[in-house]
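Shown next: work11.pdb, given as PDB, C-alpha atoms.
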ATOM      1  CA  PHE S 145       8.887  16.356   2.128
ATOM      2  CA  GLY S 146      11.605  18.348   3.835
ATOM      3  CA  CYS S 147       9.505  18.743   6.998
ATOM      4  CA  LEU S 148       9.109  14.996   7.548
ATOM      5  CA  ASP S 149      12.114  14.755   9.889
ATOM      6  CA  HIS S 150      10.350  17.059  12.333
ATOM      7  CA  LEU S 151       7.001  15.309  11.900
ATOM      8  CA  VAL S 152       8.527  11.880  12.455
ATOM      9  CA  HIS S 153      10.235  13.116  15.631
ATOM     10  CA  CYS S 154       6.936  14.533  16.881
ATOM     11  CA  ALA S 155       5.227  11.228  16.071
ATOM     12  CA  ALA S 156       7.854   9.265  17.975
ATOM     13  CA  VAL S 157       7.110  11.327  21.061
ATOM     14  CA  GLY S 158       3.406  11.805  20.521
ATOM     15  CA  SER S 159       2.457   8.226  19.737
ATOM     16  CA  GLY S 160       3.470   7.199  23.252
ATOM     17  CA  LYS S 161       2.639  10.433  25.040
ATOM     18  CA  PHE S 162      -0.941  10.670  23.830
ATOM     19  CA  GLY S 163      -1.767   6.945  23.812
ATOM     20  CA  PHE S 164      -2.284   6.737  20.057
ATOM     21  CA  PRO S 165      -4.456   3.669  19.239
ATOM     22  CA  PHE S 166      -1.647   1.776  17.447
ATOM     23  CA  THR S 167       0.865   2.063  20.293
ATOM     24  CA  ASN S 168       1.991  -1.371  21.531
ATOM     25  CA  LEU S 169      -0.701  -3.116  19.465
ATOM     26  CA  GLN S 170      -0.051  -6.090  17.232
ATOM     27  CA  PRO S 171      -1.363  -5.937  13.621
ATOM     28  CA  ALA S 172      -4.294  -8.209  14.459
ATOM     29  CA  ASP S 173      -5.483  -5.644  17.024
ATOM     30  CA  TRP S 174      -5.159  -2.513  14.878
ATOM     31  CA  PRO S 175      -8.369  -0.468  14.587
ATOM     32  CA  ARG S 176      -9.970  -0.795  11.157
ATOM     33  CA  THR S 177     -11.285   2.766  10.862
ATOM     34  CA  LEU S 178      -9.101   5.813  11.490
ATOM     35  CA  GLU S 179     -10.429   9.340  11.936
ATOM     36  CA  VAL S 180      -7.172  11.272  12.112
ATOM     37  CA  ASN S 181      -5.714  14.600  11.030
ATOM     38  CA  MET S 182      -2.335  15.100   9.336
ATOM     39  CA  MET S 183      -0.300  14.631  12.518
ATOM     40  CA  GLY S 184      -2.427  11.634  13.394
ATOM     41  CA  MET S 185      -1.456  10.029  10.082
ATOM     42  CA  VAL S 186       2.214  10.528  10.945
ATOM     43  CA  HIS S 187       1.485   8.731  14.234
ATOM     44  CA  VAL S 188      -0.115   5.910  12.225
ATOM     45  CA  ALA S 189       2.932   5.603   9.967
ATOM     46  CA  HIS S 190       5.368   5.674  12.881
ATOM     47  CA  ALA S 191       3.447   3.042  14.844
ATOM     48  CA  VAL S 192       2.900   0.780  11.824
ATOM     49  CA  ALA S 193       6.500   0.941  10.547
ATOM     50  CA  PRO S 194       8.146  -1.419  13.111
ATOM     51  CA  HIS S 195       5.620  -4.172  12.340
ATOM     52  CA  MET S 196       5.857  -3.707   8.579
ATOM     53  CA  VAL S 197       9.658  -3.964   8.393
ATOM     54  CA  GLN S 198      10.161  -7.103  10.476
ATOM     55  CA  ARG S 199      11.793  -9.713   8.259
ATOM     56  CA  ASN S 200       9.377 -12.389   7.102
ATOM     57  CA  SER S 201       6.632 -10.922   9.284
ATOM     58  CA  GLY S 202       4.077 -11.463   6.533
ATOM     59  CA  THR S 203       2.145  -8.347   7.574
ATOM     60  CA  MET S 204      -0.306  -7.550   4.762
ATOM     61  CA  VAL S 205      -2.323  -4.328   4.963
ATOM     62  CA  PHE S 206      -4.741  -2.603   2.618
ATOM     63  CA  LEU S 207      -5.102   1.142   3.286
ATOM     64  CA  ASP S 208      -8.473   2.326   2.038
ATOM     65  CA  GLY S 209      -9.597   5.927   1.704
ATOM     66  CA  PRO S 210     -11.196   8.314  -0.794
ATOM     67  CA  ALA S 211      -9.075  10.870  -2.639
ATOM     68  CA  GLY S 212      -7.813  13.522  -0.238
ATOM     69  CA  THR S 213      -7.674  11.425   2.937
ATOM     70  CA  GLY S 214      -3.863  11.329   2.945
ATOM     71  CA  LYS S 215      -2.904   7.893   1.606
ATOM     72  CA  THR S 216       0.076   9.219  -0.368
ATOM     73  CA  PHE S 217       1.221  11.184   2.677
ATOM     74  CA  VAL S 218       1.179   7.973   4.746
ATOM     75  CA  TYR S 219       3.151   6.100   2.056
ATOM     76  CA  ASN S 220       5.867   8.741   1.834
ATOM     77  CA  THR S 221       6.066   9.086   5.610
ATOM     78  CA  LEU S 222       6.554   5.327   5.916
ATOM     79  CA  ILE S 223       9.197   5.393   3.180
ATOM     80  CA  HIS S 224      11.005   8.207   4.968
ATOM     81  CA  ILE S 225      10.880   6.486   8.375
ATOM     82  CA  ILE S 226      12.060   3.100   7.116
ATOM     83  CA  ARG S 227      14.815   4.424   4.850
ATOM     84  CA  SER S 228      16.080   6.665   7.649
ATOM     85  CA  LYS S 229      16.784   3.472   9.605
ATOM     86  CA  GLY S 230      18.923   2.112   6.787
ATOM     87  CA  HIS S 231      16.316  -0.270   5.366
ATOM     88  CA  LYS S 232      15.119  -0.498   1.770
ATOM     89  CA  VAL S 233      11.556   0.092   0.636
ATOM     90  CA  ILE S 234      10.090  -0.645  -2.777
ATOM     91  CA  ALA S 235       7.303   1.744  -3.791
ATOM     92  CA  VAL S 236       5.205   1.091  -6.882
ATOM     93  CA  ALA S 237       1.921   2.202  -8.375
ATOM     94  CA  TRP S 238      -0.225   0.937 -11.211
ATOM     95  CA  SER S 239       0.191   4.143 -13.268
ATOM     96  CA  GLY S 240       3.243   6.292 -13.928
ATOM     97  CA  ILE S 241       1.548   9.448 -12.663
ATOM     98  CA  ALA S 242       0.805   7.886  -9.268
ATOM     99  CA  ALA S 243       4.316   6.395  -9.120
ATOM    100  CA  ASN S 244       5.811   9.887  -9.514
ATOM    101  CA  LEU S 245       4.107  10.909  -6.262
ATOM    102  CA  LEU S 246       5.997   8.238  -4.299
ATOM    103  CA  GLU S 247       9.610   8.790  -3.266
ATOM    104  CA  GLY S 248      11.654   6.517  -5.511
ATOM    105  CA  GLY S 249       8.452   5.117  -6.991
ATOM    106  CA  THR S 250       8.170   3.100 -10.196
ATOM    107  CA  THR S 251       5.329   1.398 -12.018
ATOM    108  CA  ALA S 252       4.360  -2.116 -10.992
ATOM    109  CA  HIS S 253       5.063  -3.361 -14.516
ATOM    110  CA  SER S 254       8.607  -2.015 -14.386
ATOM    111  CA  ARG S 255       9.410  -3.319 -10.907
ATOM    112  CA  PHE S 256       7.817  -6.769 -11.126
ATOM    113  CA  LYS S 257       8.362  -7.278 -14.874
ATOM    114  CA  LEU S 258       4.687  -7.986 -15.408
ATOM    115  CA  PRO S 259       3.581  -8.949 -18.920
ATOM    116  CA  VAL S 260       1.318  -6.886 -21.157
ATOM    117  CA  PRO S 261      -1.495  -7.765 -21.249
ATOM    118  CA  ILE S 262      -2.169  -9.332 -17.856
ATOM    119  CA  VAL S 263      -3.756 -12.739 -18.359
ATOM    120  CA  GLU S 264      -4.649 -15.674 -16.139
ATOM    121  CA  ASN S 265      -1.625 -17.649 -14.894
ATOM    122  CA  CYS S 266       0.795 -14.980 -16.127
ATOM    123  CA  THR S 267       4.231 -14.756 -14.509
ATOM    124  CA  CYS S 268       6.750 -12.059 -13.571
ATOM    125  CA  ASN S 269       9.841 -12.136 -15.768
ATOM    126  CA  ILE S 270      12.341 -12.056 -12.877
ATOM    127  CA  ALA S 271      15.120 -14.617 -12.646
ATOM    128  CA  ALA S 272      16.021 -15.838  -9.155
ATOM    129  CA  GLU S 273      19.588 -14.463  -9.345
ATOM    130  CA  SER S 274      18.804 -11.228 -11.182
ATOM    131  CA  LYS S 275      19.330  -7.725  -9.822
ATOM    132  CA  SER S 276      15.565  -7.293  -9.503
ATOM    133  CA  ALA S 277      15.345 -10.456  -7.393
ATOM    134  CA  VAL S 278      18.148  -9.255  -5.102
ATOM    135  CA  GLU S 279      16.352  -5.933  -4.576
ATOM    136  CA  LEU S 280      13.118  -7.747  -3.715
ATOM    137  CA  ARG S 281      14.946  -9.918  -1.185
ATOM    138  CA  GLU S 282      16.679  -6.962   0.447
ATOM    139  CA  CYS S 283      13.679  -4.652   0.765
ATOM    140  CA  ARG S 284      11.824  -4.621   4.075
ATOM    141  CA  LEU S 285       8.491  -3.388   2.707
ATOM    142  CA  ILE S 286       6.628  -3.186  -0.606
ATOM    143  CA  ILE S 287       4.183  -0.290  -0.963
ATOM    144  CA  TRP S 288       1.750  -0.592  -3.867
ATOM    145  CA  ASP S 289      -0.555   2.361  -4.602
ATOM    146  CA  GLU S 290      -3.681   2.387  -6.784
ATOM    147  CA  ALA S 291      -4.409  -1.162  -5.717
ATOM    148  CA  SER S 292      -8.036  -0.821  -6.790
ATOM    149  CA  MET S 293      -6.793  -0.844 -10.411
ATOM    150  CA  ILE S 294      -4.720  -4.017  -9.991
ATOM    151  CA  PRO S 295      -6.176  -7.040 -11.810
ATOM    152  CA  GLY S 296      -6.348 -10.016  -9.481
ATOM    153  CA  ASP S 297      -4.173 -12.025 -11.878
ATOM    154  CA  ALA S 298      -1.346  -9.480 -11.471
ATOM    155  CA  LEU S 299      -1.375  -9.801  -7.679
ATOM    156  CA  VAL S 300      -1.344 -13.594  -7.937
ATOM    157  CA  ALA S 301       1.628 -13.369 -10.328
ATOM    158  CA  VAL S 302       3.564 -11.221  -7.832
ATOM    159  CA  ASP S 303       2.656 -13.659  -5.052
ATOM    160  CA  ARG S 304       4.093 -16.579  -7.048
ATOM    161  CA  CYS S 305       7.194 -14.551  -7.911
ATOM    162  CA  LEU S 306       7.960 -13.635  -4.286
ATOM    163  CA  ARG S 307       7.356 -17.196  -3.067
ATOM    164  CA  HIS S 308       9.899 -18.401  -5.630
ATOM    165  CA  ILE S 309      12.499 -15.687  -5.006
ATOM    166  CA  LEU S 310      12.289 -15.892  -1.206
ATOM    167  CA  ASN S 311      11.926 -19.685  -1.242
ATOM    168  CA  ARG S 312       9.037 -19.598   1.223
ATOM    169  CA  ASP S 313       5.646 -21.121   0.465
ATOM    170  CA  VAL S 314       3.604 -18.504   2.331
ATOM    171  CA  PRO S 315       1.673 -15.533   0.920
ATOM    172  CA  PHE S 316       4.113 -13.252  -0.906
ATOM    173  CA  GLY S 317       6.991 -15.242   0.537
ATOM    174  CA  GLY S 318       6.369 -13.566   3.898
ATOM    175  CA  LYS S 319       7.356 -10.148   2.522
ATOM    176  CA  PRO S 320       5.368  -7.324   4.253
ATOM    177  CA  ILE S 321       3.131  -5.522   1.767
ATOM    178  CA  LEU S 322       1.082  -2.345   2.045
ATOM    179  CA  LEU S 323      -1.559  -1.927  -0.635
ATOM    180  CA  GLY S 324      -3.531   1.280  -0.890
ATOM    181  CA  GLY S 325      -6.323   2.655  -2.982
ATOM    182  CA  CYS S 326      -9.989   3.461  -3.255
ATOM    183  CA  PHE S 327     -12.523   1.160  -4.873
ATOM    184  CA  ARG S 328     -14.749   4.196  -5.469
ATOM    185  CA  GLN S 329     -12.318   5.170  -8.221
ATOM    186  CA  VAL S 330     -11.138   3.329 -11.346
ATOM    187  CA  LEU S 331     -11.326  -0.467 -11.297
ATOM    188  CA  PRO S 332      -9.188  -2.724 -13.539
ATOM    189  CA  VAL S 333      -9.585  -1.859 -17.200
ATOM    190  CA  VAL S 334     -10.807  -4.882 -19.168
ATOM    191  CA  PRO S 335     -11.007  -4.235 -22.936
ATOM    192  CA  ASN S 336     -14.564  -4.855 -24.158
ATOM    193  CA  GLY S 337     -15.470  -6.145 -20.695
ATOM    194  CA  ASN S 338     -18.915  -5.649 -19.241
ATOM    195  CA  ARG S 339     -19.718  -4.878 -15.610
ATOM    196  CA  THR S 340     -19.526  -8.516 -14.535
ATOM    197  CA  VAL S 341     -16.156  -9.119 -16.207
ATOM    198  CA  THR S 342     -14.694  -5.961 -14.686
ATOM    199  CA  LEU S 343     -15.864  -6.873 -11.189
ATOM    200  CA  ASN S 344     -14.487 -10.399 -11.530
ATOM    201  CA  ALA S 345     -11.078  -8.935 -12.462
ATOM    202  CA  CYS S 346     -11.124  -6.753  -9.341
ATOM    203  CA  LEU S 347      -8.733  -7.277  -6.452
ATOM    204  CA  LYS S 348     -11.565  -8.183  -4.075
ATOM    205  CA  ARG S 349     -12.343 -11.260  -6.174
ATOM    206  CA  CYS S 350      -8.717 -12.380  -5.993
ATOM    207  CA  GLU S 351      -7.759 -15.361  -3.818
ATOM    208  CA  MET S 352      -4.994 -13.281  -2.180
ATOM    209  CA  TRP S 353      -7.380 -10.576  -0.938
ATOM    210  CA  ARG S 354      -8.248 -12.585   2.179
ATOM    211  CA  VAL S 355      -4.699 -12.243   3.619
ATOM    212  CA  PHE S 356      -4.868  -8.439   3.819
ATOM    213  CA  ARG S 357      -6.015  -6.573   6.908
ATOM    214  CA  GLN S 358      -7.986  -3.476   5.931
ATOM    215  CA  LEU S 359      -7.496  -0.027   7.454
ATOM    216  CA  ARG S 360      -9.667   2.904   6.422
ATOM    217  CA  LEU S 361      -8.936   6.648   6.458
ATOM    218  CA  THR S 362     -12.138   8.650   6.822
ATOM    219  CA  VAL S 363     -11.195  12.327   7.229
ATOM    220  CA  ASN S 364     -10.914  14.149   3.902
ATOM    221  CA  LEU S 365      -8.163  16.665   4.625
ATOM    222  CA  ARG S 366      -8.214  18.068   1.103
ATOM    223  CA  ALA S 367     -11.891  18.934   1.389
ATOM    224  CA  GLU S 368     -11.402  20.450   4.852
ATOM    225  CA  GLU S 369      -8.657  22.744   3.572
ATOM    226  CA  ALA S 370     -10.608  23.769   0.492
ATOM    227  CA  GLY S 371     -13.776  24.609   2.391
ATOM    228  CA  ASP S 372     -17.469  24.092   1.753
ATOM    229  CA  GLU S 373     -17.351  25.165  -1.889
ATOM    230  CA  PHE S 374     -14.980  22.347  -2.843
ATOM    231  CA  CYS S 375     -17.052  19.830  -0.861
ATOM    232  CA  ARG S 376     -20.191  20.852  -2.763
ATOM    233  CA  TRP S 377     -18.302  20.569  -6.058
ATOM    234  CA  LEU S 378     -17.253  17.006  -5.168
ATOM    235  CA  LEU S 379     -20.831  16.033  -4.376
ATOM    236  CA  GLU S 380     -22.210  17.644  -7.504
TER     237      GLU S 380
END
Conversion result in structure tokens:
Amino acid sequence: FGCLDHLVHCAAVGSGKFGFPFTNLQPADWPRTLEVNMMGMVHVAHAVAPHMVQRNSGTMVFLDGPAGTGKTFVYNTLIHIIRSKGHKVIAVAWSGIAANLLEGGTTAHSRFKLPVPIVENCTCNIAAESKSAVELRECRLIIWDEASMIPGDALVAVDRCLRHILNRDVPFGGKPILLGGCFRQVLPVVPNGNRTVTLNACLKRCEMWRVFRQLRLTVNLRAEEAGDEFCRWLLE
């Protein structure tokens, strides 16, 4: 990610110069579907960042997109932009492999002290005065990748935890959150669960899903770079 400084600078100029759709728009007015190239995604990250890092803004976004559309690139660009301004960002993913792709990323279980297994009405093992609680208070944004794999009960547990730590009875204590993932991929794993049980455990059946504004990336940059042969292989 050594080239991000240059890309962020270009985005700062380009987002205003070229009238990028997010410029001067509030979150409620953001377009839901984005057909953008790599530089366009940097513009997205740069325009979204100021809204996401406002204290207690309560901006909740779900970034949807198939594999190869640049979700991880957007996450890391946001992390770079926000940390360059002296703010803290917490980046997590449901699996260790995905967490390794995020700058400073950890697993959700490690960061939020989630129990194993995840059950209904479970809680995060974070004391209000612990180091983990202080880090959650100080961070300006939580980025959570592989959200399609998150059981709804885990998201509710994090919501309760943040309300308690931040002492605010609003969704996630008002902490801005960016979820990302693709529901075309793996859903929550429910041991011995049938189709109905798995779908009921999904994030979209969770009571907290309604507070997230959905944005969708539609251009598969990985397929474009690989050419027609790779596209045919994906379809086959």
Per-residue nearest contacts of range 226-290 of chain S to range 310-324 of chain S (8 Å; only C-alpha atoms) as JSON lines:
{"residue": "S:Arg281", "atom": "CA", "partner": "S:Leu310", "partner_atom": "CA", "distance": 6.5}
{"residue": "S:Arg284", "atom": "CA", "partner": "S:Pro320", "partner_atom": "CA", "distance": 7.0}
{"residue": "S:Leu285", "atom": "CA", "partner": "S:Pro320", "partner_atom": "CA", "distance": 5.3}
{"residue": "S:Ile286", "atom": "CA", "partner": "S:Ile321", "partner_atom": "CA", "distance": 4.8}
{"residue": "S:Ile287", "atom": "CA", "partner": "S:Leu322", "partner_atom": "CA", "distance": 4.8}
{"residue": "S:Trp288", "atom": "CA", "partner": "S:Leu323", "partner_atom": "CA", "distance": 4.8}
{"residue": "S:Asp289", "atom": "CA", "partner": "S:Gly324", "partner_atom": "CA", "distance": 4.9}
{"residue": "S:Glu290", "atom": "CA", "partner": "S:Gly324", "partner_atom": "CA", "distance": 6.0}
With the cut-off set at 12 Å and counting all atoms listed in the file, tabulate each residue of range 306-375 of chain S with an atom at most that distance from an atom of range 265-269 of chain S, showing the nearest atom pair and its distance in Å to one decimal, ordered by chain and increasing number, as CSV.
residue,atom,partner,partner_atom,distance
S:Leu306,CA,S:Cys268,CA,9.5
S:Arg307,CA,S:Cys268,CA,11.7
S:His308,CA,S:Cys268,CA,10.6
S:Ile309,CA,S:Cys268,CA,10.9
Seminar exercise, completed: From the list S:Pro332, S:Gly337, S:Met352, S:Pro261, the nearest residue to Arg304 in chain S using all atoms listed in the file is S:Met352
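Taking CA of Ser228 in chain S and CA of Val205 in chain S as endpoints, the distance between them is 21.6 Å.
The closest residue to Cys350 in chain S, picked from S:Leu245, S:Asp297, S:Lys257, S:Val334 and counting all atoms listed in the file, is S:Asp297.
Of the listed residues S:Ile270, S:Val300, S:Ala211, S:Val333, the one whose atoms come nearest to Thr362 in chain S is S:Ala211, with distances taken using all atoms listed in the file.
You will find CA of Asp303 in chain S at 15.2 Å from CA of Arg349 in chain S.
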Using the chain letters and numbering of this document, enumerate as a PDB file with C-alpha atoms, in the coordinates of the input the residues selected by the PyMOL selection byres ((chain S and resi 237) around 10).
ATOM      1  CA  ALA S 235       7.303   1.744  -3.791  1.00  0.00           C
ATOM      2  CA  VAL S 236       5.205   1.091  -6.882  1.00  0.00           C
ATOM      3  CA  TRP S 238      -0.225   0.937 -11.211  1.00  0.00           C
ATOM      4  CA  SER S 239       0.191   4.143 -13.268  1.00  0.00           C
ATOM      5  CA  GLY S 240       3.243   6.292 -13.928  1.00  0.00           C
ATOM      6  CA  ILE S 241       1.548   9.448 -12.663  1.00  0.00           C
ATOM      7  CA  ALA S 242       0.805   7.886  -9.268  1.00  0.00           C
ATOM      8  CA  ALA S 243       4.316   6.395  -9.120  1.00  0.00           C
ATOM      9  CA  ASN S 244       5.811   9.887  -9.514  1.00  0.00           C
ATOM     10  CA  LEU S 245       4.107  10.909  -6.262  1.00  0.00           C
ATOM     11  CA  LEU S 246       5.997   8.238  -4.299  1.00  0.00           C
ATOM     12  CA  GLY S 249       8.452   5.117  -6.991  1.00  0.00           C
ATOM     13  CA  THR S 250       8.170   3.100 -10.196  1.00  0.00           C
ATOM     14  CA  THR S 251       5.329   1.398 -12.018  1.00  0.00           C
ATOM     15  CA  ALA S 252       4.360  -2.116 -10.992  1.00  0.00           C
ATOM     16  CA  HIS S 253       5.063  -3.361 -14.516  1.00  0.00           C
ATOM     17  CA  SER S 254       8.607  -2.015 -14.386  1.00  0.00           C
ATOM     18  CA  ARG S 255       9.410  -3.319 -10.907  1.00  0.00           C
ATOM     19  CA  ILE S 287       4.183  -0.290  -0.963  1.00  0.00           C
ATOM     20  CA  TRP S 288       1.750  -0.592  -3.867  1.00  0.00           C
ATOM     21  CA  ASP S 289      -0.555   2.361  -4.602  1.00  0.00           C
ATOM     22  CA  GLU S 290      -3.681   2.387  -6.784  1.00  0.00           C
ATOM     23  CA  ALA S 291      -4.409  -1.162  -5.717  1.00  0.00           C
ATOM     24  CA  MET S 293      -6.793  -0.844 -10.411  1.00  0.00           C
ATOM     25  CA  ILE S 294      -4.720  -4.017  -9.991  1.00  0.00           C
ATOM     26  CA  LEU S 323      -1.559  -1.927  -0.635  1.00  0.00           C
ATOM     27  CA  GLY S 324      -3.531   1.280  -0.890  1.00  0.00           C
ATOM     28  CA  GLY S 325      -6.323   2.655  -2.982  1.00  0.00           C
TER      29      GLY S 325
END
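Distance-wise, CA of Lys232 in chain S and CA of Cys283 in chain S end up 4.5 Å apart.
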For this session: Might you spell out which residues the PyMOL selection byres ((chain S and resi 209) around 7) would select in the displayed file, as a list in words?
Result: Leu207, Asp208, Pro210, Ala211, Thr213, Lys215, Gly325, Cys326, Arg360, Leu361 and Thr362 of chain S
Could you save those same residues with C-alpha atoms as an mmCIF file, keeping the file's coordinate frame?
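The result, written out as out01.cif:
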data_model
loop_
_atom_site.group_PDB
_atom_site.id
_atom_site.type_symbol
_atom_site.label_atom_id
_atom_site.label_comp_id
_atom_site.auth_asym_id
_atom_site.auth_seq_id
_atom_site.Cartn_x
_atom_site.Cartn_y
_atom_site.Cartn_z
ATOM 1 C CA LEU S 207 -5.102 1.142 3.286
ATOM 2 C CA ASP S 208 -8.473 2.326 2.038
ATOM 3 C CA PRO S 210 -11.196 8.314 -0.794
ATOM 4 C CA ALA S 211 -9.075 10.870 -2.639
ATOM 5 C CA THR S 213 -7.674 11.425 2.937
ATOM 6 C CA LYS S 215 -2.904 7.893 1.606
ATOM 7 C CA GLY S 325 -6.323 2.655 -2.982
ATOM 8 C CA CYS S 326 -9.989 3.461 -3.255
ATOM 9 C CA ARG S 360 -9.667 2.904 6.422
ATOM 10 C CA LEU S 361 -8.936 6.648 6.458
ATOM 11 C CA THR S 362 -12.138 8.650 6.822
#
For this session: Translate the PyMOL selection byres ((chain S and resi 357) around 8), as applied to the file shown, into an explicit residue set as a ChimeraX atom specification.
Result: /S:172,204-206,354-356,358-359
Could you dump the residues just selected with C-alpha atoms as a tab-separated table (two decimals), in the coordinates of the input?
chain	number	residue	atom	x	y	z
S	172	ALA	CA	-4.29	-8.21	14.46
S	204	MET	CA	-0.31	-7.55	4.76
S	205	VAL	CA	-2.32	-4.33	4.96
S	206	PHE	CA	-4.74	-2.60	2.62
S	354	ARG	CA	-8.25	-12.58	2.18
S	355	VAL	CA	-4.70	-12.24	3.62
S	356	PHE	CA	-4.87	-8.44	3.82
S	358	GLN	CA	-7.99	-3.48	5.93
S	359	LEU	CA	-7.50	-0.03	7.45
Given 3 Å on each side, where is the centre and what are the edge lengths in Å to one decimal of the axis-aligned box enclosing the listed atoms of range 202-207 of chain S, as lines of an AutoDock Vina configuration file?
center_x = -0.5
center_y = -5.2
center_z = 5.1
size_x = 15.2
size_y = 18.6
size_z = 11.0
Using the partial input, fill out range 292-299 of chain S with all heavy atoms; write the result as a CSV table (one decimal), keeping the file's coordinate frame.
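Full text of rebuild.csv as output:
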chain,number,residue,atom,x,y,z
S,292,SER,N,-6.7,-0.5,-6.2
S,292,SER,CA,-8.0,-0.8,-6.8
S,292,SER,C,-8.0,-1.1,-8.3
S,292,SER,O,-8.9,-1.7,-8.8
S,292,SER,CB,-9.0,0.4,-6.5
S,292,SER,OG,-8.5,1.6,-7.1
S,293,MET,N,-6.9,-0.6,-9.0
S,293,MET,CA,-6.8,-0.8,-10.4
S,293,MET,C,-6.1,-2.1,-10.8
S,293,MET,O,-6.0,-2.5,-11.9
S,293,MET,CB,-6.0,0.3,-11.0
S,293,MET,CG,-6.8,1.7,-10.9
S,293,MET,SD,-5.8,3.0,-11.7
S,293,MET,CE,-5.9,2.5,-13.4
S,294,ILE,N,-5.5,-2.8,-9.7
S,294,ILE,CA,-4.7,-4.0,-10.0
S,294,ILE,C,-5.6,-5.2,-10.4
S,294,ILE,O,-6.5,-5.5,-9.6
S,294,ILE,CB,-3.9,-4.4,-8.7
S,294,ILE,CG1,-3.0,-3.3,-8.3
S,294,ILE,CG2,-3.1,-5.7,-9.0
S,294,ILE,CD1,-2.3,-3.6,-7.0
S,295,PRO,N,-5.4,-5.8,-11.5
S,295,PRO,CA,-6.2,-7.0,-11.8
S,295,PRO,C,-5.7,-8.1,-10.8
S,295,PRO,O,-4.6,-8.2,-10.5
S,295,PRO,CB,-5.8,-7.4,-13.2
S,295,PRO,CG,-5.2,-6.1,-13.8
S,295,PRO,CD,-4.6,-5.4,-12.6
S,296,GLY,N,-6.7,-9.0,-10.4
S,296,GLY,CA,-6.3,-10.0,-9.5
S,296,GLY,C,-5.2,-10.9,-10.0
S,296,GLY,O,-4.4,-11.4,-9.2
S,297,ASP,N,-5.2,-11.2,-11.3
S,297,ASP,CA,-4.2,-12.0,-11.9
S,297,ASP,C,-2.8,-11.4,-11.7
S,297,ASP,O,-1.8,-12.2,-11.6
S,297,ASP,CB,-4.4,-12.3,-13.4
S,297,ASP,CG,-5.7,-13.1,-13.6
S,297,ASP,OD1,-6.0,-14.0,-12.8
S,297,ASP,OD2,-6.4,-12.9,-14.6
S,298,ALA,N,-2.7,-10.1,-11.7
S,298,ALA,CA,-1.3,-9.5,-11.5
S,298,ALA,C,-0.9,-9.7,-10.0
S,298,ALA,O,0.3,-10.0,-9.8
S,298,ALA,CB,-1.4,-8.0,-11.8
S,299,LEU,N,-1.8,-9.6,-9.1
S,299,LEU,CA,-1.4,-9.8,-7.7
S,299,LEU,C,-1.0,-11.3,-7.4
S,299,LEU,O,0.0,-11.5,-6.7
S,299,LEU,CB,-2.5,-9.4,-6.7
S,299,LEU,CG,-2.2,-9.3,-5.3
S,299,LEU,CD1,-1.2,-8.1,-5.0
S,299,LEU,CD2,-3.4,-9.1,-4.4
